file coords.cif (mmCIF, N, CA and C atoms)
data_entry
loop_
_atom_site.label_atom_id
_atom_site.label_comp_id
_atom_site.auth_asym_id
_atom_site.auth_seq_id
_atom_site.Cartn_x
_atom_site.Cartn_y
_atom_site.Cartn_z
N MET A 1 16.20 -1.35 -10.18
CA MET A 1 17.24 -1.18 -9.20
C MET A 1 18.56 -1.77 -9.72
N VAL A 2 18.48 -2.93 -10.33
CA VAL A 2 19.69 -3.58 -10.84
C VAL A 2 20.31 -2.76 -11.97
N ALA A 3 19.47 -2.29 -12.88
CA ALA A 3 19.98 -1.47 -13.99
C ALA A 3 20.64 -0.19 -13.47
N GLY A 4 20.03 0.41 -12.45
CA GLY A 4 20.60 1.61 -11.86
C GLY A 4 21.96 1.35 -11.25
N LEU A 5 22.10 0.22 -10.56
CA LEU A 5 23.41 -0.11 -9.98
C LEU A 5 24.45 -0.42 -11.04
N PHE A 6 24.03 -1.06 -12.13
CA PHE A 6 24.99 -1.28 -13.23
C PHE A 6 25.48 0.06 -13.79
N ILE A 7 24.58 1.00 -13.96
CA ILE A 7 24.97 2.33 -14.45
C ILE A 7 25.94 2.98 -13.47
N VAL A 8 25.59 2.93 -12.18
CA VAL A 8 26.47 3.50 -11.15
C VAL A 8 27.83 2.82 -11.17
N GLY A 9 27.85 1.51 -11.42
CA GLY A 9 29.11 0.77 -11.46
C GLY A 9 29.99 1.14 -12.64
N LEU A 10 29.40 1.64 -13.69
CA LEU A 10 30.20 2.03 -14.86
C LEU A 10 30.80 3.43 -14.72
N VAL A 11 30.25 4.23 -13.83
CA VAL A 11 30.71 5.62 -13.69
C VAL A 11 32.18 5.72 -13.30
N PRO A 12 32.69 4.96 -12.32
CA PRO A 12 34.12 5.08 -12.01
C PRO A 12 35.03 4.75 -13.20
N LEU A 13 34.58 3.85 -14.06
CA LEU A 13 35.37 3.58 -15.27
C LEU A 13 35.35 4.79 -16.19
N GLY A 14 34.24 5.51 -16.20
CA GLY A 14 34.16 6.75 -16.97
C GLY A 14 35.13 7.80 -16.45
N TYR A 15 35.31 7.83 -15.12
CA TYR A 15 36.28 8.77 -14.56
C TYR A 15 37.69 8.50 -15.09
N LEU A 16 38.00 7.24 -15.32
CA LEU A 16 39.32 6.88 -15.86
C LEU A 16 39.51 7.44 -17.27
N LEU A 17 38.41 7.56 -18.01
CA LEU A 17 38.49 8.06 -19.38
C LEU A 17 38.40 9.58 -19.47
N SER A 18 38.13 10.23 -18.36
CA SER A 18 37.94 11.68 -18.36
C SER A 18 39.24 12.41 -18.64
N SER A 19 39.15 13.36 -19.57
CA SER A 19 40.33 14.17 -19.88
C SER A 19 40.04 15.67 -19.76
N ALA A 20 38.78 16.01 -19.47
CA ALA A 20 38.39 17.41 -19.30
C ALA A 20 37.43 17.50 -18.11
N PRO A 21 37.37 18.64 -17.46
CA PRO A 21 36.48 18.77 -16.31
C PRO A 21 35.01 18.45 -16.62
N TRP A 22 34.55 18.80 -17.82
CA TRP A 22 33.15 18.55 -18.13
C TRP A 22 32.84 17.07 -18.20
N HIS A 23 33.85 16.23 -18.46
CA HIS A 23 33.64 14.78 -18.45
C HIS A 23 33.24 14.30 -17.06
N VAL A 24 33.90 14.84 -16.04
CA VAL A 24 33.58 14.47 -14.66
C VAL A 24 32.15 14.89 -14.33
N TYR A 25 31.78 16.09 -14.76
CA TYR A 25 30.40 16.55 -14.53
C TYR A 25 29.40 15.64 -15.24
N PHE A 26 29.73 15.25 -16.46
CA PHE A 26 28.85 14.36 -17.22
C PHE A 26 28.67 13.03 -16.48
N PHE A 27 29.76 12.45 -16.01
CA PHE A 27 29.65 11.17 -15.30
C PHE A 27 28.94 11.31 -13.95
N GLN A 28 29.02 12.48 -13.36
CA GLN A 28 28.25 12.71 -12.13
C GLN A 28 26.75 12.72 -12.44
N VAL A 29 26.36 13.28 -13.58
CA VAL A 29 24.96 13.25 -14.00
C VAL A 29 24.52 11.80 -14.26
N VAL A 30 25.38 11.02 -14.92
CA VAL A 30 25.08 9.61 -15.16
C VAL A 30 24.92 8.87 -13.83
N HIS A 31 25.80 9.17 -12.88
CA HIS A 31 25.72 8.57 -11.55
C HIS A 31 24.39 8.93 -10.89
N ALA A 32 23.98 10.18 -11.00
CA ALA A 32 22.71 10.62 -10.41
C ALA A 32 21.53 9.89 -11.03
N VAL A 33 21.57 9.69 -12.33
CA VAL A 33 20.49 8.96 -13.01
C VAL A 33 20.45 7.51 -12.51
N GLY A 34 21.60 6.88 -12.40
CA GLY A 34 21.66 5.51 -11.89
C GLY A 34 21.14 5.40 -10.47
N MET A 35 21.53 6.34 -9.61
CA MET A 35 21.04 6.32 -8.23
C MET A 35 19.54 6.61 -8.18
N ALA A 36 19.05 7.47 -9.07
CA ALA A 36 17.61 7.73 -9.12
C ALA A 36 16.84 6.49 -9.53
N MET A 37 17.48 5.60 -10.28
CA MET A 37 16.84 4.34 -10.66
C MET A 37 16.93 3.31 -9.53
N ALA A 38 17.97 3.34 -8.73
CA ALA A 38 18.21 2.30 -7.73
C ALA A 38 17.61 2.63 -6.36
N LEU A 39 17.75 3.85 -5.92
CA LEU A 39 17.38 4.19 -4.55
C LEU A 39 15.89 4.04 -4.24
N PRO A 40 14.98 4.52 -5.07
CA PRO A 40 13.56 4.36 -4.72
C PRO A 40 13.15 2.89 -4.59
N SER A 41 13.70 2.03 -5.42
CA SER A 41 13.39 0.60 -5.32
C SER A 41 13.89 0.04 -4.00
N TRP A 42 15.11 0.41 -3.62
CA TRP A 42 15.64 -0.07 -2.35
C TRP A 42 14.78 0.40 -1.19
N LEU A 43 14.39 1.67 -1.20
CA LEU A 43 13.57 2.20 -0.10
C LEU A 43 12.22 1.50 -0.04
N ALA A 44 11.64 1.18 -1.20
CA ALA A 44 10.36 0.47 -1.22
C ALA A 44 10.51 -0.93 -0.64
N ILE A 45 11.56 -1.64 -1.02
CA ILE A 45 11.78 -2.99 -0.50
C ILE A 45 12.03 -2.95 1.00
N PHE A 46 12.85 -2.01 1.44
CA PHE A 46 13.15 -1.90 2.87
C PHE A 46 11.89 -1.57 3.65
N THR A 47 11.11 -0.62 3.17
CA THR A 47 9.88 -0.22 3.85
C THR A 47 8.91 -1.39 3.95
N ARG A 48 8.82 -2.18 2.92
CA ARG A 48 7.90 -3.32 2.90
C ARG A 48 8.26 -4.36 3.95
N HIS A 49 9.51 -4.42 4.36
CA HIS A 49 9.95 -5.46 5.28
C HIS A 49 10.23 -4.94 6.70
N ILE A 50 9.77 -3.75 7.01
CA ILE A 50 9.93 -3.22 8.37
C ILE A 50 8.91 -3.90 9.28
N ASP A 51 9.35 -4.27 10.47
CA ASP A 51 8.46 -4.89 11.45
C ASP A 51 7.56 -3.84 12.08
N LYS A 52 6.29 -4.18 12.21
CA LYS A 52 5.32 -3.27 12.81
C LYS A 52 5.72 -2.97 14.26
N GLY A 53 5.69 -1.71 14.61
CA GLY A 53 6.06 -1.29 15.95
C GLY A 53 7.54 -0.99 16.12
N LYS A 54 8.35 -1.32 15.10
CA LYS A 54 9.80 -1.07 15.17
C LYS A 54 10.25 -0.17 14.04
N GLU A 55 9.33 0.60 13.49
CA GLU A 55 9.65 1.42 12.32
C GLU A 55 10.78 2.41 12.58
N ALA A 56 10.69 3.14 13.68
CA ALA A 56 11.71 4.16 13.96
C ALA A 56 13.08 3.53 14.17
N PHE A 57 13.14 2.44 14.92
CA PHE A 57 14.41 1.77 15.17
C PHE A 57 15.01 1.24 13.88
N GLU A 58 14.20 0.58 13.06
CA GLU A 58 14.74 -0.02 11.84
C GLU A 58 15.15 1.04 10.82
N TRP A 59 14.40 2.15 10.73
CA TRP A 59 14.84 3.23 9.85
C TRP A 59 16.12 3.87 10.39
N SER A 60 16.24 4.00 11.71
CA SER A 60 17.46 4.59 12.26
C SER A 60 18.67 3.69 12.00
N MET A 61 18.46 2.37 12.09
CA MET A 61 19.56 1.44 11.80
C MET A 61 19.95 1.52 10.32
N GLU A 62 18.97 1.64 9.45
CA GLU A 62 19.26 1.71 8.01
C GLU A 62 20.05 2.96 7.68
N THR A 63 19.59 4.11 8.16
CA THR A 63 20.28 5.35 7.82
C THR A 63 21.64 5.46 8.52
N THR A 64 21.75 4.95 9.74
CA THR A 64 23.04 4.94 10.43
C THR A 64 24.03 4.05 9.70
N SER A 65 23.56 2.89 9.24
CA SER A 65 24.44 1.97 8.50
C SER A 65 24.92 2.60 7.20
N ILE A 66 24.03 3.29 6.50
CA ILE A 66 24.42 3.96 5.25
C ILE A 66 25.46 5.04 5.53
N GLY A 67 25.22 5.85 6.56
CA GLY A 67 26.17 6.90 6.90
C GLY A 67 27.52 6.35 7.35
N ALA A 68 27.49 5.34 8.20
CA ALA A 68 28.74 4.74 8.66
C ALA A 68 29.48 4.07 7.50
N GLY A 69 28.73 3.40 6.64
CA GLY A 69 29.35 2.77 5.47
C GLY A 69 30.00 3.79 4.55
N ALA A 70 29.34 4.93 4.36
CA ALA A 70 29.91 5.97 3.50
C ALA A 70 31.19 6.54 4.13
N GLY A 71 31.18 6.72 5.43
CA GLY A 71 32.36 7.23 6.11
C GLY A 71 33.53 6.26 6.05
N ILE A 72 33.24 5.00 6.31
CA ILE A 72 34.29 3.97 6.27
C ILE A 72 34.81 3.81 4.84
N ALA A 73 33.89 3.79 3.87
CA ALA A 73 34.30 3.66 2.47
C ALA A 73 35.18 4.83 2.04
N GLY A 74 34.84 6.03 2.49
CA GLY A 74 35.67 7.20 2.16
C GLY A 74 37.07 7.09 2.74
N GLY A 75 37.14 6.64 3.99
CA GLY A 75 38.45 6.46 4.61
C GLY A 75 39.28 5.39 3.93
N LEU A 76 38.66 4.23 3.69
CA LEU A 76 39.37 3.15 3.00
C LEU A 76 39.73 3.54 1.57
N GLY A 77 38.84 4.28 0.91
CA GLY A 77 39.14 4.75 -0.44
C GLY A 77 40.34 5.68 -0.47
N GLY A 78 40.43 6.55 0.52
CA GLY A 78 41.58 7.44 0.61
C GLY A 78 42.88 6.68 0.82
N ILE A 79 42.82 5.67 1.68
CA ILE A 79 44.02 4.84 1.93
C ILE A 79 44.40 4.09 0.66
N MET A 80 43.39 3.50 -0.01
CA MET A 80 43.68 2.77 -1.26
C MET A 80 44.25 3.68 -2.33
N ALA A 81 43.69 4.89 -2.44
CA ALA A 81 44.19 5.83 -3.45
C ALA A 81 45.63 6.23 -3.17
N SER A 82 45.97 6.43 -1.90
CA SER A 82 47.34 6.82 -1.58
C SER A 82 48.33 5.65 -1.77
N MET A 83 47.84 4.43 -1.54
CA MET A 83 48.73 3.28 -1.67
C MET A 83 48.85 2.77 -3.11
N PHE A 84 47.73 2.73 -3.83
CA PHE A 84 47.71 2.08 -5.14
C PHE A 84 47.39 3.03 -6.30
N GLY A 85 46.91 4.23 -6.01
CA GLY A 85 46.55 5.18 -7.05
C GLY A 85 45.04 5.15 -7.34
N PHE A 86 44.59 6.21 -7.99
CA PHE A 86 43.17 6.35 -8.26
C PHE A 86 42.67 5.36 -9.31
N GLN A 87 43.52 4.98 -10.24
CA GLN A 87 43.06 4.04 -11.27
C GLN A 87 42.64 2.71 -10.65
N VAL A 88 43.45 2.19 -9.76
CA VAL A 88 43.12 0.93 -9.08
C VAL A 88 41.85 1.10 -8.25
N LEU A 89 41.75 2.23 -7.56
CA LEU A 89 40.57 2.51 -6.75
C LEU A 89 39.30 2.54 -7.60
N PHE A 90 39.34 3.24 -8.72
CA PHE A 90 38.15 3.34 -9.58
C PHE A 90 37.77 1.98 -10.15
N ILE A 91 38.74 1.18 -10.54
CA ILE A 91 38.45 -0.16 -11.06
C ILE A 91 37.85 -1.03 -9.95
N PHE A 92 38.40 -0.95 -8.75
CA PHE A 92 37.88 -1.73 -7.62
C PHE A 92 36.45 -1.33 -7.29
N VAL A 93 36.18 -0.04 -7.21
CA VAL A 93 34.83 0.44 -6.88
C VAL A 93 33.84 0.02 -7.97
N SER A 94 34.25 0.12 -9.21
CA SER A 94 33.39 -0.29 -10.32
C SER A 94 33.08 -1.78 -10.24
N ALA A 95 34.09 -2.59 -10.03
CA ALA A 95 33.90 -4.05 -9.93
C ALA A 95 33.01 -4.41 -8.75
N LEU A 96 33.22 -3.77 -7.62
CA LEU A 96 32.42 -4.05 -6.43
C LEU A 96 30.95 -3.67 -6.63
N THR A 97 30.70 -2.55 -7.28
CA THR A 97 29.32 -2.11 -7.52
C THR A 97 28.63 -3.03 -8.52
N ILE A 98 29.31 -3.41 -9.57
CA ILE A 98 28.71 -4.34 -10.55
C ILE A 98 28.48 -5.70 -9.90
N PHE A 99 29.38 -6.15 -9.03
CA PHE A 99 29.19 -7.40 -8.30
C PHE A 99 27.93 -7.31 -7.42
N ALA A 100 27.73 -6.17 -6.76
CA ALA A 100 26.54 -5.98 -5.92
C ALA A 100 25.27 -6.06 -6.76
N ALA A 101 25.30 -5.49 -7.96
CA ALA A 101 24.14 -5.57 -8.85
C ALA A 101 23.87 -7.01 -9.26
N LEU A 102 24.92 -7.78 -9.51
CA LEU A 102 24.75 -9.19 -9.87
C LEU A 102 24.17 -10.00 -8.71
N ILE A 103 24.58 -9.67 -7.49
CA ILE A 103 24.01 -10.35 -6.33
C ILE A 103 22.51 -10.09 -6.23
N LEU A 104 22.10 -8.88 -6.57
CA LEU A 104 20.66 -8.58 -6.54
C LEU A 104 19.89 -9.47 -7.51
N LEU A 105 20.50 -9.82 -8.62
CA LEU A 105 19.83 -10.74 -9.55
C LEU A 105 19.64 -12.12 -8.93
N LEU A 106 20.57 -12.52 -8.07
CA LEU A 106 20.49 -13.83 -7.44
C LEU A 106 19.44 -13.89 -6.32
N VAL A 107 19.17 -12.78 -5.67
CA VAL A 107 18.24 -12.78 -4.55
C VAL A 107 16.86 -12.23 -4.90
N LYS A 108 16.63 -11.94 -6.16
CA LYS A 108 15.36 -11.30 -6.53
C LYS A 108 14.15 -12.15 -6.18
N ASN A 109 14.28 -13.48 -6.17
CA ASN A 109 13.15 -14.33 -5.83
C ASN A 109 12.86 -14.36 -4.34
N ASN A 110 13.77 -13.86 -3.52
CA ASN A 110 13.57 -13.82 -2.08
C ASN A 110 12.84 -12.57 -1.62
N VAL A 111 12.57 -11.64 -2.53
CA VAL A 111 11.84 -10.43 -2.20
C VAL A 111 10.38 -10.70 -2.52
N SER A 112 9.52 -10.50 -1.52
CA SER A 112 8.11 -10.85 -1.70
C SER A 112 7.44 -9.94 -2.71
N ASN A 113 6.39 -10.46 -3.32
CA ASN A 113 5.58 -9.72 -4.28
C ASN A 113 4.85 -8.60 -3.55
N ARG A 114 4.90 -7.40 -4.05
CA ARG A 114 4.32 -6.26 -3.38
C ARG A 114 2.83 -6.43 -3.14
N GLY A 115 2.09 -6.86 -4.13
CA GLY A 115 0.65 -7.00 -3.99
C GLY A 115 0.28 -8.00 -2.92
N GLU A 116 0.90 -9.16 -2.92
CA GLU A 116 0.60 -10.17 -1.91
C GLU A 116 1.00 -9.68 -0.53
N ASP A 117 2.18 -9.09 -0.44
CA ASP A 117 2.67 -8.64 0.85
C ASP A 117 1.76 -7.57 1.43
N MET A 118 1.33 -6.63 0.62
CA MET A 118 0.50 -5.55 1.11
C MET A 118 -0.87 -6.07 1.54
N LEU A 119 -1.43 -7.03 0.81
CA LEU A 119 -2.72 -7.57 1.18
C LEU A 119 -2.64 -8.36 2.48
N CYS A 120 -1.54 -9.03 2.69
CA CYS A 120 -1.40 -9.84 3.91
C CYS A 120 -1.26 -8.97 5.15
N ARG A 121 -0.64 -7.80 5.02
CA ARG A 121 -0.38 -6.96 6.18
C ARG A 121 -1.46 -5.93 6.45
N THR A 122 -2.40 -5.77 5.56
CA THR A 122 -3.36 -4.69 5.71
C THR A 122 -4.34 -4.96 6.84
N LYS A 123 -4.81 -3.91 7.47
CA LYS A 123 -5.81 -4.00 8.51
C LYS A 123 -7.20 -3.65 7.96
N SER A 124 -7.27 -3.23 6.72
CA SER A 124 -8.53 -2.83 6.13
C SER A 124 -9.40 -4.06 5.85
N PRO A 125 -10.64 -4.07 6.34
CA PRO A 125 -11.51 -5.22 6.07
C PRO A 125 -11.86 -5.34 4.59
N LEU A 126 -11.74 -4.26 3.85
CA LEU A 126 -12.06 -4.31 2.42
C LEU A 126 -10.98 -5.02 1.63
N LEU A 127 -9.74 -4.97 2.11
CA LEU A 127 -8.64 -5.57 1.38
C LEU A 127 -8.14 -6.87 1.98
N ASN A 128 -8.66 -7.25 3.12
CA ASN A 128 -8.24 -8.50 3.75
C ASN A 128 -8.73 -9.67 2.92
N ARG A 129 -7.88 -10.63 2.66
CA ARG A 129 -8.22 -11.74 1.77
C ARG A 129 -9.42 -12.53 2.24
N SER A 130 -9.61 -12.65 3.53
CA SER A 130 -10.73 -13.44 4.02
C SER A 130 -12.07 -12.75 3.79
N ASN A 131 -12.04 -11.45 3.48
CA ASN A 131 -13.28 -10.72 3.26
C ASN A 131 -13.56 -10.43 1.80
N ILE A 132 -12.77 -10.98 0.89
CA ILE A 132 -13.00 -10.76 -0.53
C ILE A 132 -14.05 -11.76 -1.00
N TYR A 133 -15.12 -11.27 -1.59
CA TYR A 133 -16.21 -12.13 -2.06
C TYR A 133 -16.06 -12.39 -3.54
N HIS A 134 -16.39 -13.56 -3.95
CA HIS A 134 -16.33 -13.93 -5.35
C HIS A 134 -17.72 -14.38 -5.78
N ALA A 135 -18.08 -14.07 -7.00
CA ALA A 135 -19.36 -14.53 -7.52
C ALA A 135 -19.27 -16.02 -7.84
N GLU A 136 -20.30 -16.76 -7.41
CA GLU A 136 -20.34 -18.18 -7.73
C GLU A 136 -20.83 -18.32 -9.16
N PRO A 137 -20.07 -19.00 -10.01
CA PRO A 137 -20.44 -19.09 -11.42
C PRO A 137 -21.82 -19.71 -11.62
N GLY A 138 -22.62 -19.08 -12.44
CA GLY A 138 -23.91 -19.61 -12.84
C GLY A 138 -25.05 -19.38 -11.87
N THR A 139 -24.79 -18.90 -10.66
CA THR A 139 -25.87 -18.75 -9.68
C THR A 139 -26.17 -17.29 -9.41
N GLY A 140 -25.26 -16.42 -9.68
CA GLY A 140 -25.49 -15.01 -9.37
C GLY A 140 -25.35 -14.72 -7.88
N LYS A 141 -24.97 -15.72 -7.09
CA LYS A 141 -24.84 -15.54 -5.66
C LYS A 141 -23.37 -15.33 -5.29
N ASN A 142 -23.19 -14.60 -4.23
CA ASN A 142 -21.84 -14.45 -3.66
C ASN A 142 -21.67 -15.42 -2.52
N PHE A 143 -20.50 -15.90 -2.32
CA PHE A 143 -20.25 -16.75 -1.16
C PHE A 143 -19.02 -16.27 -0.42
#

call {"tool": "encode", "arguments": {"input": "coords.cif", "output": "structure tokens"}}
result
Amino acid sequence: MVAGLFIVGLVPLGYLLSSAPWHVYFFQVVHAVGMAMALPSWLAIFTRHIDKGKEAFEWSMETTSIGAGAGIAGGLGGIMASMFGFQVLFIFVSALTIFAALILLLVKNNVSNRGEDMLCRTKSPLLNRSNIYHAEPGTGKNF
């Protein structure tokens, strides 16, 4: 996810270097690759932390926030571009995205381990930790 965001953060700087239409298309492909690296990880982390019984509400809040954020960012980006020019806008967006990727490096220890988290939340008696049997060494017996 972090590597994908770093790639996405470099794309606006690539737009500054573009001198032909195919350059923009190329950087859009690079952006798509970066988002393909980042988005599935984010969705997995978000899904893992949804509260049971509130799935629909929490997914609706997530998607509404993304949509509202995109709309607000587009409006503010348009204002910034008209006031300061596209070069400043692209540098700002690039810096903000790379900063977001760096923040993810700082919070990575706060995201629970998938295996532990899934075992703790499961309702299956086969995967519940209290029902896992271990062989007692040297006796051949399970306890």

call {"tool": "residues_around", "arguments": {"input": "coords.cif", "residues": "segment 14-18 of chain A", "least_positions_apart": "5", "cutoff": "7 Å", "atoms": "all atoms listed in the file", "output": "PyMOL selection string"}}
result
chain A and resi 23-24+27+87+90

call {"tool": "closest_residue", "arguments": {"input": "coords.cif", "among": "A:Val29, A:Ile72, A:Met1, A:Ile7", "to": "Leu43 of chain A", "atoms": "only C-alpha atoms"}}
result
A:Met1

call {"tool": "resolve_selection", "arguments": {"input": "coords.cif", "expression": "the PyMOL selection byres (((chain A and resi 101 and name CA) around 10) and name CA)", "output": "ChimeraX atom specification"}}
result
/A:1-9,38,95-100,102-106

call {"tool": "write_last_selection", "arguments": {"input": "coords.cif", "atoms": "N, CA and C atoms", "output": "PDB file, in the frame of the given file"}}
result
ATOM      1  N   MET A   1      16.200  -1.350 -10.180  1.00  0.00           N
ATOM      2  CA  MET A   1      17.240  -1.180  -9.200  1.00  0.00           C
ATOM      3  C   MET A   1      18.560  -1.770  -9.720  1.00  0.00           C
ATOM      4  N   VAL A   2      18.480  -2.930 -10.330  1.00  0.00           N
ATOM      5  CA  VAL A   2      19.690  -3.580 -10.840  1.00  0.00           C
ATOM      6  C   VAL A   2      20.310  -2.760 -11.970  1.00  0.00           C
ATOM      7  N   ALA A   3      19.470  -2.290 -12.880  1.00  0.00           N
ATOM      8  CA  ALA A   3      19.980  -1.470 -13.990  1.00  0.00           C
ATOM      9  C   ALA A   3      20.640  -0.190 -13.470  1.00  0.00           C
ATOM     10  N   GLY A   4      20.030   0.410 -12.450  1.00  0.00           N
ATOM     11  CA  GLY A   4      20.600   1.610 -11.860  1.00  0.00           C
ATOM     12  C   GLY A   4      21.960   1.350 -11.250  1.00  0.00           C
ATOM     13  N   LEU A   5      22.100   0.220 -10.560  1.00  0.00           N
ATOM     14  CA  LEU A   5      23.410  -0.110  -9.980  1.00  0.00           C
ATOM     15  C   LEU A   5      24.450  -0.420 -11.040  1.00  0.00           C
ATOM     16  N   PHE A   6      24.030  -1.060 -12.130  1.00  0.00           N
ATOM     17  CA  PHE A   6      24.990  -1.280 -13.230  1.00  0.00           C
ATOM     18  C   PHE A   6      25.480   0.060 -13.790  1.00  0.00           C
ATOM     19  N   ILE A   7      24.580   1.000 -13.960  1.00  0.00           N
ATOM     20  CA  ILE A   7      24.970   2.330 -14.450  1.00  0.00           C
ATOM     21  C   ILE A   7      25.940   2.980 -13.470  1.00  0.00           C
ATOM     22  N   VAL A   8      25.590   2.930 -12.180  1.00  0.00           N
ATOM     23  CA  VAL A   8      26.470   3.500 -11.150  1.00  0.00           C
ATOM     24  C   VAL A   8      27.830   2.820 -11.170  1.00  0.00           C
ATOM     25  N   GLY A   9      27.850   1.510 -11.420  1.00  0.00           N
ATOM     26  CA  GLY A   9      29.110   0.770 -11.460  1.00  0.00           C
ATOM     27  C   GLY A   9      29.990   1.140 -12.640  1.00  0.00           C
ATOM     28  N   ALA A  38      17.970   3.340  -8.730  1.00  0.00           N
ATOM     29  CA  ALA A  38      18.210   2.300  -7.730  1.00  0.00           C
ATOM     30  C   ALA A  38      17.610   2.630  -6.360  1.00  0.00           C
ATOM     31  N   ALA A  95      34.090  -2.590 -10.030  1.00  0.00           N
ATOM     32  CA  ALA A  95      33.900  -4.050  -9.930  1.00  0.00           C
ATOM     33  C   ALA A  95      33.010  -4.410  -8.750  1.00  0.00           C
ATOM     34  N   LEU A  96      33.220  -3.770  -7.620  1.00  0.00           N
ATOM     35  CA  LEU A  96      32.420  -4.050  -6.430  1.00  0.00           C
ATOM     36  C   LEU A  96      30.950  -3.670  -6.630  1.00  0.00           C
ATOM     37  N   THR A  97      30.700  -2.550  -7.280  1.00  0.00           N
ATOM     38  CA  THR A  97      29.320  -2.110  -7.520  1.00  0.00           C
ATOM     39  C   THR A  97      28.630  -3.030  -8.520  1.00  0.00           C
ATOM     40  N   ILE A  98      29.310  -3.410  -9.570  1.00  0.00           N
ATOM     41  CA  ILE A  98      28.710  -4.340 -10.550  1.00  0.00           C
ATOM     42  C   ILE A  98      28.480  -5.700  -9.900  1.00  0.00           C
ATOM     43  N   PHE A  99      29.380  -6.150  -9.030  1.00  0.00           N
ATOM     44  CA  PHE A  99      29.190  -7.400  -8.300  1.00  0.00           C
ATOM     45  C   PHE A  99      27.930  -7.310  -7.420  1.00  0.00           C
ATOM     46  N   ALA A 100      27.730  -6.170  -6.760  1.00  0.00           N
ATOM     47  CA  ALA A 100      26.540  -5.980  -5.920  1.00  0.00           C
ATOM     48  C   ALA A 100      25.270  -6.060  -6.760  1.00  0.00           C
ATOM     49  N   LEU A 102      24.920  -7.780  -9.510  1.00  0.00           N
ATOM     50  CA  LEU A 102      24.750  -9.190  -9.870  1.00  0.00           C
ATOM     51  C   LEU A 102      24.170 -10.000  -8.710  1.00  0.00           C
ATOM     52  N   ILE A 103      24.580  -9.670  -7.490  1.00  0.00           N
ATOM     53  CA  ILE A 103      24.010 -10.350  -6.330  1.00  0.00           C
ATOM     54  C   ILE A 103      22.510 -10.090  -6.230  1.00  0.00           C
ATOM     55  N   LEU A 104      22.100  -8.880  -6.570  1.00  0.00           N
ATOM     56  CA  LEU A 104      20.660  -8.580  -6.540  1.00  0.00           C
ATOM     57  C   LEU A 104      19.890  -9.470  -7.510  1.00  0.00           C
ATOM     58  N   LEU A 105      20.500  -9.820  -8.620  1.00  0.00           N
ATOM     59  CA  LEU A 105      19.830 -10.740  -9.550  1.00  0.00           C
ATOM     60  C   LEU A 105      19.640 -12.120  -8.930  1.00  0.00           C
ATOM     61  N   LEU A 106      20.570 -12.520  -8.070  1.00  0.00           N
ATOM     62  CA  LEU A 106      20.490 -13.830  -7.440  1.00  0.00           C
ATOM     63  C   LEU A 106      19.440 -13.890  -6.320  1.00  0.00           C
TER      64      LEU A 106
END

call {"tool": "atom_distance", "arguments": {"input": "coords.cif", "atom1": "atom C of Thr64 of chain A", "atom2": "atom CA of Ile91 of chain A"}}
result
25.6 Å

call {"tool": "atom_distance", "arguments": {"input": "coords.cif", "atom1": "atom C of Lys54 of chain A", "atom2": "atom N of Leu39 of chain A"}}
result
21.7 Å

call {"tool": "select_by_dssp", "arguments": {"input": "coords.cif", "residues": "segment 7-52 of chain A", "states": "helix (DSSP H, G or I)", "output": "PyMOL selection string"}}
result
chain A and resi 7-17+21-48

call {"tool": "atom_distance", "arguments": {"input": "coords.cif", "atom1": "atom CA of Met61 of chain A", "atom2": "atom N of Gln28 of chain A"}}
result
29.1 Å

call {"tool": "decode", "arguments": {"input": "coords.cif", "residues": "segment 49-78 of chain A", "atoms": "C-alpha atoms", "output": "compact mmCIF listing (two decimals), in the first residue's frame"}}
result
# COMPACT_ATOMS: atom_id res chain seq x y z
CA HIS A 49 -11.90 -3.34 11.34
CA ILE A 50 -15.63 -3.09 10.60
CA ASP A 51 -17.82 -3.59 13.67
CA LYS A 52 -20.12 -6.60 13.52
CA GLY A 53 -23.69 -5.56 12.86
CA LYS A 54 -22.66 -2.15 11.48
CA GLU A 55 -21.21 -3.29 8.16
CA ALA A 56 -23.64 -1.41 5.91
CA PHE A 57 -23.36 1.83 7.87
CA GLU A 58 -19.56 1.75 8.04
CA TRP A 59 -19.20 0.92 4.34
CA SER A 60 -21.63 3.72 3.49
CA MET A 61 -19.59 6.16 5.59
CA GLU A 62 -16.37 5.04 3.90
CA THR A 63 -17.67 5.40 0.36
CA THR A 64 -19.49 8.66 1.13
CA SER A 65 -16.31 10.10 2.64
CA ILE A 66 -14.29 9.08 -0.41
CA GLY A 67 -16.83 10.64 -2.76
CA ALA A 68 -17.16 13.83 -0.75
CA GLY A 69 -13.38 14.08 -0.44
CA ALA A 70 -12.96 13.69 -4.19
CA GLY A 71 -15.55 16.39 -4.84
CA ILE A 72 -14.03 18.82 -2.34
CA ALA A 73 -10.51 18.09 -3.60
CA GLY A 74 -11.62 18.76 -7.18
CA GLY A 75 -13.16 22.08 -6.20
CA LEU A 76 -10.17 23.17 -4.13
CA GLY A 77 -7.82 21.97 -6.87
CA GLY A 78 -9.64 24.11 -9.41
